[in-house]
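K.L.:
This is my_file36.pdb, which holds PDB, C-alpha atoms:
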```pdb
ATOM      1  CA  MET U 583       0.000   0.000   0.000
ATOM      2  CA  PRO U 584       1.583   3.334  -1.040
ATOM      3  CA  SER U 585       1.772   6.257   1.338
ATOM      4  CA  ALA U 586      -0.905   8.911   1.127
ATOM      5  CA  PRO U 587       0.062  11.692  -1.328
ATOM      6  CA  ASP U 588       1.273  15.015   0.011
ATOM      7  CA  ALA U 589      -1.404  17.711   0.027
ATOM      8  CA  GLU U 590      -1.914  21.113   1.597
ATOM      9  CA  ALA U 591      -5.547  20.467   2.342
ATOM     10  CA  GLN U 592      -7.066  17.383   3.924
ATOM     11  CA  ASP U 593      -9.451  16.888   0.965
ATOM     12  CA  ALA U 594      -6.779  17.324  -1.746
ATOM     13  CA  VAL U 595      -7.145  15.028  -4.764
ATOM     14  CA  THR U 596      -4.552  13.962  -7.324
ATOM     15  CA  VAL U 597      -5.905  12.732 -10.651
ATOM     16  CA  LEU U 598      -3.979  10.962 -13.393
ATOM     17  CA  LEU U 599      -5.751  10.998 -16.752
ATOM     18  CA  VAL U 600      -4.481   8.301 -19.119
ATOM     19  CA  ASP U 601      -5.782   9.265 -22.594
ATOM     20  CA  ASP U 602      -4.046   9.832 -25.931
ATOM     21  CA  GLN U 603      -6.480  12.492 -27.145
ATOM     22  CA  PRO U 604      -5.315  16.043 -26.328
ATOM     23  CA  VAL U 605      -8.842  17.413 -26.714
ATOM     24  CA  ILE U 606     -10.132  15.016 -24.022
ATOM     25  CA  ALA U 607      -7.300  16.041 -21.706
ATOM     26  CA  MET U 608      -8.117  19.703 -22.296
ATOM     27  CA  MET U 609     -11.831  19.208 -21.614
ATOM     28  CA  VAL U 610     -11.257  17.146 -18.469
ATOM     29  CA  ARG U 611      -8.778  19.699 -17.180
ATOM     30  CA  LYS U 612     -11.345  22.446 -17.762
ATOM     31  CA  MET U 613     -14.008  20.454 -15.898
ATOM     32  CA  LEU U 614     -11.754  19.852 -12.896
ATOM     33  CA  ALA U 615     -10.421  23.414 -12.806
ATOM     34  CA  VAL U 616     -13.494  24.541 -10.896
ATOM     35  CA  ASP U 617     -12.206  22.623  -7.871
ATOM     36  CA  PRO U 618      -8.812  24.082  -6.826
ATOM     37  CA  ALA U 619      -8.151  21.108  -4.525
ATOM     38  CA  ILE U 620      -7.878  18.749  -7.514
ATOM     39  CA  ALA U 621      -4.430  18.421  -9.092
ATOM     40  CA  MET U 622      -4.414  16.811 -12.511
ATOM     41  CA  HIS U 623      -1.688  14.990 -14.443
ATOM     42  CA  VAL U 624      -1.949  13.598 -17.980
ATOM     43  CA  CYS U 625      -0.310  10.546 -19.546
ATOM     44  CA  SER U 626      -0.841  10.159 -23.292
ATOM     45  CA  GLU U 627       1.268   7.022 -23.815
ATOM     46  CA  ALA U 628      -0.062   3.675 -22.668
ATOM     47  CA  ASP U 629       3.340   2.094 -22.095
ATOM     48  CA  ALA U 630       4.263   4.891 -19.659
ATOM     49  CA  ALA U 631       1.005   4.834 -17.682
ATOM     50  CA  VAL U 632       2.026   2.492 -14.839
ATOM     51  CA  ALA U 633       5.400   4.190 -14.362
ATOM     52  CA  GLN U 634       3.786   7.627 -14.279
ATOM     53  CA  ALA U 635       1.162   6.430 -11.833
ATOM     54  CA  CYS U 636       3.961   5.185  -9.549
ATOM     55  CA  ALA U 637       5.695   8.563  -9.823
ATOM     56  CA  VAL U 638       2.607  10.762  -9.406
ATOM     57  CA  ARG U 639       0.897   8.629  -6.735
ATOM     58  CA  PRO U 640      -2.627   9.700  -7.748
ATOM     59  CA  THR U 641      -5.651   9.185  -5.548
ATOM     60  CA  VAL U 642      -7.714   8.435  -8.670
ATOM     61  CA  ILE U 643      -6.833   7.207 -12.182
ATOM     62  CA  LEU U 644      -9.064   8.179 -15.130
ATOM     63  CA  GLN U 645      -8.391   5.500 -17.729
ATOM     64  CA  ASP U 646      -9.342   5.549 -21.422
ATOM     65  CA  LEU U 647     -10.113   2.137 -22.920
ATOM     66  CA  VAL U 648      -8.878   2.714 -26.475
ATOM     67  CA  MET U 649      -5.251   3.818 -26.813
ATOM     68  CA  PRO U 650      -2.570   3.193 -29.490
ATOM     69  CA  GLY U 651      -0.475   0.157 -28.652
ATOM     70  CA  ALA U 652      -2.529  -0.979 -25.678
ATOM     71  CA  ASN U 653      -5.936  -2.062 -24.537
ATOM     72  CA  GLY U 654      -7.246   0.025 -21.660
ATOM     73  CA  LEU U 655      -8.472  -3.095 -19.877
ATOM     74  CA  GLU U 656      -4.944  -4.497 -19.981
ATOM     75  CA  LEU U 657      -3.746  -1.317 -18.314
ATOM     76  CA  VAL U 658      -6.333  -1.770 -15.587
ATOM     77  CA  THR U 659      -4.888  -5.238 -14.974
ATOM     78  CA  ALA U 660      -1.350  -3.825 -14.987
ATOM     79  CA  TYR U 661      -2.253  -1.287 -12.307
ATOM     80  CA  ARG U 662      -3.743  -4.018 -10.170
ATOM     81  CA  GLU U 663      -0.631  -6.176 -10.499
ATOM     82  CA  HIS U 664       1.791  -3.460  -9.418
ATOM     83  CA  PRO U 665       2.259  -3.073  -5.626
ATOM     84  CA  ASP U 666       2.341   0.741  -5.810
ATOM     85  CA  THR U 667      -0.869   1.095  -7.824
ATOM     86  CA  ARG U 668      -2.925  -1.977  -7.005
ATOM     87  CA  ASP U 669      -5.285  -0.148  -4.634
ATOM     88  CA  ILE U 670      -5.631   3.175  -6.468
ATOM     89  CA  PRO U 671      -9.242   3.707  -7.629
ATOM     90  CA  ILE U 672      -9.670   3.479 -11.415
ATOM     91  CA  ILE U 673     -12.507   5.249 -13.208
ATOM     92  CA  VAL U 674     -12.838   4.092 -16.788
ATOM     93  CA  LEU U 675     -13.643   6.826 -19.300
ATOM     94  CA  SER U 676     -15.000   5.340 -22.503
ATOM     95  CA  SER U 677     -17.284   6.175 -25.387
ATOM     96  CA  ASN U 678     -18.477   2.556 -25.296
ATOM     97  CA  ASP U 679     -21.713   2.282 -23.324
ATOM     98  CA  GLU U 680     -22.295  -1.443 -23.895
ATOM     99  CA  PRO U 681     -23.075  -3.487 -20.752
ATOM    100  CA  GLU U 682     -20.582  -6.215 -21.727
ATOM    101  CA  MET U 683     -17.753  -3.665 -21.868
ATOM    102  CA  LYS U 684     -18.693  -2.313 -18.460
ATOM    103  CA  LYS U 685     -18.847  -5.849 -17.109
ATOM    104  CA  SER U 686     -15.348  -6.560 -18.470
ATOM    105  CA  ALA U 687     -13.954  -3.355 -17.008
ATOM    106  CA  PHE U 688     -15.278  -4.132 -13.535
ATOM    107  CA  ALA U 689     -14.038  -7.728 -13.825
ATOM    108  CA  MET U 690     -10.533  -6.434 -14.575
ATOM    109  CA  GLY U 691     -10.530  -4.301 -11.445
ATOM    110  CA  ALA U 692     -12.063  -0.940 -12.397
ATOM    111  CA  ASN U 693     -13.884   0.869  -9.594
ATOM    112  CA  ASP U 694     -16.196   2.955 -11.753
ATOM    113  CA  TYR U 695     -17.234   3.481 -15.370
ATOM    114  CA  LEU U 696     -18.194   6.758 -17.045
ATOM    115  CA  VAL U 697     -19.185   7.374 -20.640
ATOM    116  CA  LYS U 698     -17.251  10.235 -22.234
ATOM    117  CA  LEU U 699     -17.811  12.847 -21.235
ATOM    118  CA  PRO U 700     -19.986  13.135 -18.167
ATOM    119  CA  GLU U 701     -21.260  16.352 -16.660
ATOM    120  CA  PRO U 702     -18.563  18.159 -14.645
ATOM    121  CA  ILE U 703     -20.537  17.889 -11.420
ATOM    122  CA  GLU U 704     -20.842  14.109 -11.838
ATOM    123  CA  LEU U 705     -17.183  13.665 -12.785
ATOM    124  CA  ILE U 706     -15.987  15.662  -9.786
ATOM    125  CA  ALA U 707     -18.398  13.861  -7.463
ATOM    126  CA  ARG U 708     -17.197  10.436  -8.636
ATOM    127  CA  ILE U 709     -13.547  11.490  -8.377
ATOM    128  CA  ARG U 710     -14.038  12.900  -4.888
ATOM    129  CA  TYR U 711     -15.928   9.821  -3.699
ATOM    130  CA  HIS U 712     -13.260   7.353  -4.847
ATOM    131  CA  SER U 713     -10.385   9.588  -3.761
ATOM    132  CA  ARG U 714     -11.830   9.925  -0.273
ATOM    133  CA  ALA U 715     -12.313   6.159   0.004
ATOM    134  CA  TYR U 716      -8.735   5.541  -1.121
ATOM    135  CA  THR U 717      -7.264   8.135   1.244
ATOM    136  CA  THR U 718      -9.218   6.615   4.126
ATOM    137  CA  LEU U 719      -7.885   3.179   3.197
ATOM    138  CA  VAL U 720      -4.302   4.469   3.096
ATOM    139  CA  GLU U 721      -4.682   6.265   6.429
ATOM    140  CA  ARG U 722      -6.185   3.153   8.008
ATOM    141  CA  ASP U 723      -3.353   0.953   6.733
ATOM    142  CA  ASN U 724      -0.722   3.467   7.837
ATOM    143  CA  ALA U 725      -2.325   3.640  11.270
ATOM    144  CA  TYR U 726      -2.402  -0.162  11.447
ATOM    145  CA  ARG U 727       1.286  -0.373  10.482
ATOM    146  CA  ALA U 728       2.149   2.275  13.068
ATOM    147  CA  LEU U 729       0.200   0.308  15.674
ATOM    148  CA  ARG U 730       1.962  -2.922  14.751
ATOM    149  CA  LEU U 731       5.348  -1.182  14.929
ATOM    150  CA  SER U 732       4.440   0.265  18.313
ATOM    151  CA  GLU U 733       3.378  -3.162  19.553
ATOM    152  CA  GLN U 734       6.614  -4.724  18.309
ATOM    153  CA  GLN U 735       8.681  -2.013  19.986
ATOM    154  CA  LEU U 736       6.737  -2.478  23.222
ATOM    155  CA  LEU U 737       7.258  -6.234  23.059
ATOM    156  CA  ALA U 738      10.984  -5.749  22.448
ATOM    157  CA  SER U 739      11.177  -3.327  25.382
ATOM    158  CA  ASN U 740       9.326  -5.753  27.655
ATOM    159  CA  LEU U 741      11.607  -8.613  26.621
ATOM    160  CA  GLU U 742      14.668  -6.474  27.268
ATOM    161  CA  LEU U 743      13.260  -5.427  30.641
ATOM    162  CA  GLN U 744      12.602  -9.063  31.489
ATOM    163  CA  ARG U 745      16.138  -9.966  30.426
ATOM    164  CA  LEU U 746      17.607  -7.213  32.590
ATOM    165  CA  THR U 747      15.405  -8.213  35.525
ATOM    166  CA  ASN U 748      16.584 -11.809  35.313
ATOM    167  CA  SER U 749      20.231 -11.142  34.481
ATOM    168  CA  ASP U 750      23.222 -10.380  36.664
ATOM    169  CA  GLY U 751      24.460  -6.912  35.795
ATOM    170  CA  LEU U 752      28.142  -7.780  36.216
ATOM    171  CA  THR U 753      28.517 -11.136  34.451
ATOM    172  CA  GLY U 754      25.478 -11.220  32.164
ATOM    173  CA  LEU U 755      24.546 -14.647  33.513
ATOM    174  CA  PRO U 756      21.067 -15.300  34.890
ATOM    175  CA  ASN U 757      20.791 -13.974  38.423
ATOM    176  CA  ARG U 758      19.673 -15.548  41.702
ATOM    177  CA  ARG U 759      16.043 -14.894  40.862
ATOM    178  CA  SER U 760      16.368 -16.805  37.580
ATOM    179  CA  PHE U 761      18.181 -19.591  39.401
ATOM    180  CA  ASN U 762      15.377 -19.926  41.975
ATOM    181  CA  ASP U 763      12.724 -20.004  39.241
ATOM    182  CA  CYS U 764      14.667 -22.604  37.283
ATOM    183  CA  MET U 765      15.245 -24.799  40.346
ATOM    184  CA  ALA U 766      11.550 -24.735  41.255
ATOM    185  CA  ARG U 767      10.561 -25.567  37.674
ATOM    186  CA  GLU U 768      13.089 -28.378  37.225
ATOM    187  CA  TRP U 769      12.355 -29.803  40.676
ATOM    188  CA  ASP U 770       8.689 -30.152  39.708
ATOM    189  CA  ARG U 771       9.672 -31.763  36.416
ATOM    190  CA  SER U 772      12.009 -34.203  38.161
ATOM    191  CA  ARG U 773       9.243 -35.122  40.604
ATOM    192  CA  THR U 774       6.669 -35.576  37.829
ATOM    193  CA  GLU U 775       8.884 -37.487  35.373
ATOM    194  CA  GLY U 776      11.088 -39.318  37.878
ATOM    195  CA  THR U 777      14.255 -38.013  36.220
ATOM    196  CA  PRO U 778      17.437 -36.963  38.034
ATOM    197  CA  LEU U 779      18.275 -33.336  38.701
ATOM    198  CA  SER U 780      21.885 -32.340  39.270
ATOM    199  CA  LEU U 781      23.305 -29.128  40.657
ATOM    200  CA  LEU U 782      26.804 -27.654  40.692
ATOM    201  CA  MET U 783      27.759 -25.071  43.302
ATOM    202  CA  ILE U 784      30.916 -23.215  42.260
ATOM    203  CA  ASP U 785      33.128 -20.897  44.299
ATOM    204  CA  VAL U 786      36.117 -18.857  43.099
ATOM    205  CA  ASP U 787      39.093 -19.872  45.191
ATOM    206  CA  TYR U 788      40.740 -17.287  47.476
ATOM    207  CA  PHE U 789      38.685 -14.503  45.934
ATOM    208  CA  LYS U 790      38.959 -12.197  48.965
ATOM    209  CA  SER U 791      42.721 -12.318  48.641
ATOM    210  CA  TYR U 792      42.408 -11.525  44.933
ATOM    211  CA  ASN U 793      40.272  -8.451  45.687
ATOM    212  CA  ASP U 794      42.522  -7.296  48.507
ATOM    213  CA  ASN U 795      45.607  -7.369  46.285
ATOM    214  CA  PHE U 796      44.254  -6.255  42.879
ATOM    215  CA  GLY U 797      41.209  -4.203  43.876
ATOM    216  CA  HIS U 798      37.505  -4.598  43.277
ATOM    217  CA  LEU U 799      37.604  -3.525  39.627
ATOM    218  CA  ALA U 800      40.087  -6.287  38.846
ATOM    219  CA  GLY U 801      37.936  -8.607  40.938
ATOM    220  CA  ASP U 802      34.928  -7.745  38.786
ATOM    221  CA  ASP U 803      36.949  -8.525  35.659
ATOM    222  CA  ALA U 804      37.940 -11.869  37.144
ATOM    223  CA  LEU U 805      34.303 -12.746  37.905
ATOM    224  CA  ARG U 806      33.334 -11.879  34.341
ATOM    225  CA  CYS U 807      36.138 -14.094  33.056
ATOM    226  CA  VAL U 808      35.051 -16.998  35.276
ATOM    227  CA  ALA U 809      31.428 -16.542  34.171
ATOM    228  CA  GLU U 810      32.504 -16.701  30.532
ATOM    229  CA  ALA U 811      34.495 -19.866  31.182
ATOM    230  CA  ILE U 812      31.483 -21.470  32.894
ATOM    231  CA  ARG U 813      29.243 -20.454  30.002
ATOM    232  CA  ASP U 814      31.681 -21.865  27.423
ATOM    233  CA  ALA U 815      32.150 -25.149  29.257
ATOM    234  CA  HIS U 816      28.499 -26.216  29.071
ATOM    235  CA  ALA U 817      26.738 -25.487  25.818
ATOM    236  CA  ASP U 818      23.591 -27.496  26.535
ATOM    237  CA  PRO U 819      20.624 -25.068  26.287
ATOM    238  CA  THR U 820      18.644 -27.153  28.807
ATOM    239  CA  CYS U 821      21.165 -26.247  31.520
ATOM    240  CA  LEU U 822      21.231 -22.974  33.414
ATOM    241  CA  ALA U 823      24.397 -21.296  34.656
ATOM    242  CA  ALA U 824      23.713 -18.466  37.101
ATOM    243  CA  ARG U 825      25.526 -16.145  39.449
ATOM    244  CA  PHE U 826      24.427 -17.320  42.862
ATOM    245  CA  GLY U 827      25.917 -14.399  44.745
ATOM    246  CA  GLY U 828      29.311 -12.800  45.383
ATOM    247  CA  GLU U 829      31.967 -15.121  43.967
ATOM    248  CA  GLU U 830      29.591 -18.101  43.879
ATOM    249  CA  PHE U 831      28.000 -19.559  40.756
ATOM    250  CA  ALA U 832      25.530 -22.400  40.225
ATOM    251  CA  VAL U 833      24.721 -24.650  37.283
ATOM    252  CA  VAL U 834      21.409 -26.515  37.064
ATOM    253  CA  LEU U 835      21.649 -29.748  35.071
ATOM    254  CA  PRO U 836      18.203 -31.273  34.403
ATOM    255  CA  GLY U 837      18.137 -34.966  33.545
ATOM    256  CA  LEU U 838      21.827 -35.593  34.248
ATOM    257  CA  GLU U 839      22.949 -38.527  36.362
ATOM    258  CA  ALA U 840      25.629 -37.960  39.007
ATOM    259  CA  ALA U 841      28.489 -39.272  36.856
ATOM    260  CA  ARG U 842      27.654 -37.026  33.909
ATOM    261  CA  ALA U 843      27.184 -34.042  36.236
ATOM    262  CA  ALA U 844      30.666 -34.677  37.638
ATOM    263  CA  GLU U 845      32.065 -34.671  34.094
ATOM    264  CA  VAL U 846      30.430 -31.281  33.412
ATOM    265  CA  ALA U 847      31.858 -29.963  36.684
ATOM    266  CA  GLU U 848      35.352 -31.087  35.689
ATOM    267  CA  GLN U 849      34.961 -29.411  32.280
ATOM    268  CA  ILE U 850      34.076 -26.167  34.039
ATOM    269  CA  ARG U 851      37.008 -26.476  36.468
ATOM    270  CA  LEU U 852      39.421 -27.008  33.582
ATOM    271  CA  SER U 853      37.852 -24.182  31.581
ATOM    272  CA  VAL U 854      38.414 -21.722  34.443
ATOM    273  CA  GLU U 855      41.931 -23.022  35.001
ATOM    274  CA  ALA U 856      42.663 -22.476  31.300
ATOM    275  CA  THR U 857      42.036 -18.749  31.649
ATOM    276  CA  THR U 858      45.442 -18.587  33.429
ATOM    277  CA  LEU U 859      44.472 -15.461  35.348
ATOM    278  CA  PRO U 860      47.335 -14.837  37.780
ATOM    279  CA  HIS U 861      46.485 -14.931  41.473
ATOM    280  CA  PRO U 862      48.539 -13.173  44.158
ATOM    281  CA  ALA U 863      47.960 -15.814  46.830
ATOM    282  CA  PRO U 864      50.996 -18.111  47.190
ATOM    283  CA  GLU U 865      48.775 -21.133  47.511
ATOM    284  CA  ALA U 866      46.837 -20.309  44.314
ATOM    285  CA  ARG U 867      49.177 -18.870  41.623
ATOM    286  CA  GLN U 868      46.173 -18.522  39.259
ATOM    287  CA  VAL U 869      42.404 -18.153  39.489
ATOM    288  CA  THR U 870      40.651 -21.499  40.012
ATOM    289  CA  VAL U 871      37.298 -22.755  41.272
ATOM    290  CA  SER U 872      36.042 -25.394  43.664
ATOM    291  CA  ILE U 873      32.849 -27.249  42.768
ATOM    292  CA  GLY U 874      30.355 -29.285  44.748
ATOM    293  CA  VAL U 875      28.120 -31.698  42.813
ATOM    294  CA  ALA U 876      24.784 -33.113  44.022
ATOM    295  CA  THR U 877      22.138 -35.198  42.277
ATOM    296  CA  ARG U 878      18.629 -36.203  43.368
ATOM    297  CA  VAL U 879      15.328 -37.360  41.990
ATOM    298  CA  ALA U 880      12.819 -34.913  43.423
ATOM    299  CA  THR U 881       9.977 -36.043  45.674
ATOM    300  CA  SER U 882       6.918 -34.281  47.000
ATOM    301  CA  ARG U 883       8.282 -34.622  50.568
ATOM    302  CA  ALA U 884      11.371 -32.502  49.832
ATOM    303  CA  SER U 885      12.204 -29.128  48.294
ATOM    304  CA  PRO U 886      14.977 -27.801  46.024
ATOM    305  CA  ASP U 887      16.689 -26.487  49.158
ATOM    306  CA  LEU U 888      17.698 -30.058  49.923
ATOM    307  CA  LEU U 889      19.631 -30.324  46.671
ATOM    308  CA  ILE U 890      21.200 -26.888  47.158
ATOM    309  CA  ALA U 891      22.331 -27.820  50.666
ATOM    310  CA  ALA U 892      23.865 -31.088  49.421
ATOM    311  CA  ALA U 893      25.809 -29.349  46.642
ATOM    312  CA  ASP U 894      26.886 -26.617  49.041
ATOM    313  CA  ALA U 895      28.168 -29.181  51.533
ATOM    314  CA  ARG U 896      30.298 -30.822  48.844
ATOM    315  CA  LEU U 897      31.573 -27.421  47.755
ATOM    316  CA  TYR U 898      32.700 -26.810  51.336
ATOM    317  CA  GLN U 899      34.394 -30.208  51.320
ATOM    318  CA  ALA U 900      36.231 -29.328  48.071
ATOM    319  CA  LYS U 901      37.539 -26.134  49.653
ATOM    320  CA  CYS U 902      38.619 -27.966  52.781
ATOM    321  CA  GLU U 903      40.482 -30.561  50.714
ATOM    322  CA  GLY U 904      42.638 -27.933  49.005
ATOM    323  CA  ARG U 905      40.439 -26.156  46.429
ATOM    324  CA  ASN U 906      40.674 -26.292  42.610
ATOM    325  CA  ARG U 907      38.802 -29.582  42.629
ATOM    326  CA  ILE U 908      35.346 -31.097  42.460
ATOM    327  CA  VAL U 909      33.589 -33.214  45.055
ATOM    328  CA  ALA U 910      30.677 -35.338  43.883
ATOM    329  CA  ALA U 911      28.578 -38.035  45.490
TER     330      ALA U 911
END
```
As structure tokens, how would this structure be written, given the file I've shared?
P.N.:
Amino acid sequence: MPSAPDAEAQDAVTVLLVDDQPVIAMMVRKMLAVDPAIAMHVCSEADAAVAQACAVRPTVILQDLVMPGANGLELVTAYREHPDTRDIPIIVLSSNDEPEMKKSAFAMGANDYLVKLPEPIELIARIRYHSRAYTTLVERDNAYRALRLSEQQLLASNLELQRLTNSDGLTGLPNRRSFNDCMAREWDRSRTEGTPLSLLMIDVDYFKSYNDNFGHLAGDDALRCVAEAIRDAHADPTCLAARFGGEEFAVVLPGLEAARAAEVAEQIRLSVEATTLPHPAPEARQVTVSIGVATRVATSRASPDLLIAAADARLYQAKCEGRNRIVAA
């Protein structure tokens, strides 16, 4: 649907007369001259009619049926096949008053049919009627497109707001709120389907010492680096890696048995170790993580807190045993 034509007045009309007879063009122009809001353009060559209609963007086309090199009905079809002119009203101007010709013109897509030449008052009334209907159609479609665009922008804004609400501002990982929602959802699924649910609790080793020596800005960079390593180490979209709080992270692994969960934990430990971030603590030398692994099949008599506590206990055990290691069941 083309845009509505520019006009100084709200009821402005743009007419394109397609007729090879100069005398007809002169007479039509004289008829329409009584209405200053009607702008008129003339095309005398049939093969240029569609292109000129696209350029002029008329609100009404007055189309002759008999032109050298073309049949007026074929032109009506050509207008209807072009995306820029398919909805523009077409008033056929013809000296042929036979019902069969009128029937053919309407079948091809004409909106109206006038025998040359009608009274000026009738011609202007028909032009104004069809022009107003077309302008209303264009305005309605433009308003609909604007509404759709507004709805899409609102949806995008809401999705972005939801993403920000559920994301950790420092690392970009899902935050504690997302983790809690995911745990509740996957716990219910485990209970319903009888499938295992595994959880990794991850802690950055000697992080307080890292902050004390390098500062909090460097500490933030280290957390971002660890988060990226965790994200890269598990590409399964069914899993959720989240920042649990401070220097702690958590990974929810739906459907994974204990052995497979331990393998994922080891991949994450190695991925963080591969970052080779230097650590000032003599017992560390580089940034590493300790990981506790727990697996359960959920029951209605327990809650996700039970799984979190089990993974947290094994994380504590990993730290007590020297850090940079995993402890699983």
K.L.:
Measuring between only C-alpha atoms, which one of U:His798, U:Arg825, U:Arg773, U:Arg710 shows the shortest distance to Glu810 of chain U?
P.N.:
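Ranked by minimum distance to Glu810 of chain U, first place goes to U:Arg825.
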K.L.:
List the spatial neighbours of Thr774 of chain U as an NGL selection string - criterion: any atom at most 12 Å away, only C-alpha atoms, same-chain residues fewer than 6 positions off excluded.
P.N.:
:U and (767-768 or 879-882)
K.L.:
Nearest to Tyr898 of chain U: which of U:Leu729, U:Val786, U:Leu822, U:Cys807 is it, counting all atoms listed in the file?
P.N.:
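Smallest separation from Tyr898 of chain U among the options: U:Val786.
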K.L.:
Could you make a table, as a Markdown table, of the residues of segment 728-807 of chain U that have an atom within 12 Å of an atom of segment 830-842 of chain U, each with its nearest atom pair and distance in Å to one decimal, counting all atoms listed in the file, in chain and number order?
P.N.:
```
| residue | atom | partner | partner_atom | distance |
| --- | --- | --- | --- | --- |
| U:Asp750 | CA | U:Phe831 | CA | 11.1 |
| U:Thr753 | CA | U:Phe831 | CA | 10.5 |
| U:Leu755 | CA | U:Phe831 | CA | 9.4 |
| U:Pro756 | CA | U:Ala832 | CA | 9.9 |
| U:Asn757 | CA | U:Phe831 | CA | 9.4 |
| U:Arg758 | CA | U:Ala832 | CA | 9.1 |
| U:Ser760 | CA | U:Val834 | CA | 11.0 |
| U:Phe761 | CA | U:Ala832 | CA | 7.9 |
| U:Asn762 | CA | U:Val834 | CA | 10.2 |
| U:Asp763 | CA | U:Val834 | CA | 11.1 |
| U:Cys764 | CA | U:Val834 | CA | 7.8 |
| U:Met765 | CA | U:Val834 | CA | 7.2 |
| U:Ala766 | CA | U:Val834 | CA | 10.9 |
| U:Arg767 | CA | U:Pro836 | CA | 10.1 |
| U:Glu768 | CA | U:Pro836 | CA | 6.5 |
| U:Trp769 | CA | U:Pro836 | CA | 8.7 |
| U:Asp770 | CA | U:Pro836 | CA | 11.0 |
| U:Arg771 | CA | U:Pro836 | CA | 8.8 |
| U:Ser772 | CA | U:Gly837 | CA | 7.7 |
| U:Arg773 | CA | U:Gly837 | CA | 11.4 |
| U:Glu775 | CA | U:Gly837 | CA | 9.8 |
| U:Gly776 | CA | U:Gly837 | CA | 9.3 |
| U:Thr777 | CA | U:Gly837 | CA | 5.6 |
| U:Pro778 | CA | U:Gly837 | CA | 5.0 |
| U:Leu779 | CA | U:Pro836 | CA | 4.8 |
| U:Ser780 | CA | U:Leu835 | CA | 4.9 |
| U:Leu781 | CA | U:Val834 | CA | 4.8 |
| U:Leu782 | CA | U:Val833 | CA | 5.0 |
| U:Met783 | CA | U:Ala832 | CA | 4.6 |
| U:Ile784 | CA | U:Phe831 | CA | 4.9 |
| U:Asp785 | CA | U:Glu830 | CA | 4.5 |
| U:Val786 | CA | U:Glu830 | CA | 6.6 |
| U:Asp787 | CA | U:Glu830 | CA | 9.8 |
| U:Tyr788 | CA | U:Glu830 | CA | 11.7 |
| U:Phe789 | CA | U:Glu830 | CA | 10.0 |
| U:Leu805 | CA | U:Glu830 | CA | 9.3 |
| U:Arg806 | CA | U:Phe831 | CA | 11.3 |
```
K.L.:
Just the residues within 8 Å of Thr857 of chain U, please, counting all atoms listed in the file, with nothing from its chain fewer than 2 positions along; format it as a VMD selection string.
P.N.:
chain U and resid 807 811 853 to 855 859 869
K.L.:
I'd like the residues picked by the PyMOL selection byres ((chain U and resi 631) around 10) written out as a PyMOL selection string, using the chain letters and numbers from the file.
P.N.:
chain U and resi 598-601+624-630+632-637+643+645+657+660-661
K.L.:
Report as a list in words all protein, DNA and RNA residues lying within 12 Å of Lys612 of chain U, evaluated on all atoms listed in the file, omitting residues in the same chain fewer than 3 positions from it.
P.N.:
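So, after excluding close chain neighbours, the residues are Val605, Ile606, Ala607, Met608, Met609, Ala615, Val616, Asp617, Pro618, Ile620, Ala621, Met622, Glu701, Pro702, Leu705 and Ile706 of chain U.
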K.L.:
Could you please give me, as a PyMOL selection string, the residues of protein, DNA or RNA lying at most 9 Å from (-21.3, 4.2, -17.3) in the coordinate frame of the file, considering all atoms listed in the file?
P.N.:
chain U and resi 674-676+678-681+684+694-698
K.L.:
Would you mind listing what lies within 10 Å of Arg662 of chain U as a ChimeraX atom specification, with all atoms listed in the file counted and same-chain residues fewer than 4 positions away left out?
P.N.:
/U:632,656-658,666-672,690-692
K.L.:
Give me the residues within 10 Å of Thr596 of chain U as a list in words, counting all atoms listed in the file and dropping any in the same chain fewer than 6 places off.
P.N.:
Pro587, Asp588, Ala589, Ala619, Ile620, Ala621, Met622, His623, Val638, Arg639, Pro640, Thr641, Val642, Ile643, Ile709, Arg710 and Ser713 of chain U
K.L.:
Please report the interatomic distance between atom CA of Asn906 of chain U and atom CA of Ala866 of chain U in Å with one decimal.
P.N.:
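So the answer is 8.8 Å.
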K.L.:
Given all atoms listed in the file as the basis, pick out the residue of U:Glu865, U:Asp646, U:Asp593, U:Glu845 nearest to Ala715 of chain U.
P.N.:
U:Asp593
K.L.:
Restricting the calculation to only C-alpha atoms: of U:Leu888, U:Leu736, U:Ala847, U:Ala856, which residue gets closest to Val808 of chain U?
P.N.:
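Selected residue with least distance to Val808 of chain U: U:Ala856.
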K.L.:
With only C-alpha atoms as the atoms that count, which of U:Ala738, U:Ala594, U:Ala804, U:Thr659 lies nearest to Tyr716 of chain U?
P.N.:
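Once distances to Tyr716 of chain U are computed over only C-alpha atoms, the minimum belongs to U:Ala594.
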K.L.:
Between atom CA of Arg759 of chain U and atom CA of Thr747 of chain U, what is the spacing in Å?
P.N.:
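Between these atoms lies a distance of 8.6 Å.
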K.L.:
What's the separation between atom CA of Thr858 of chain U and atom CA of Ile812 of chain U, in Å to one decimal place?
P.N.:
14.3 Å
K.L.:
Can you list what the PyMOL selection byres ((chain U and resi 891) around 12) grabs from this structure, as a PyMOL selection string?
P.N.:
chain U and resi 781-783+874-878+884-890+892-898
K.L.:
So, with all atoms listed in the file as the atoms that count, which of U:Asp802, U:Glu829, U:Asp794, U:Glu733 lies closest to Pro862 of chain U?
P.N.:
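Of the candidates, the smallest distance to Pro862 of chain U is held by U:Asp794.
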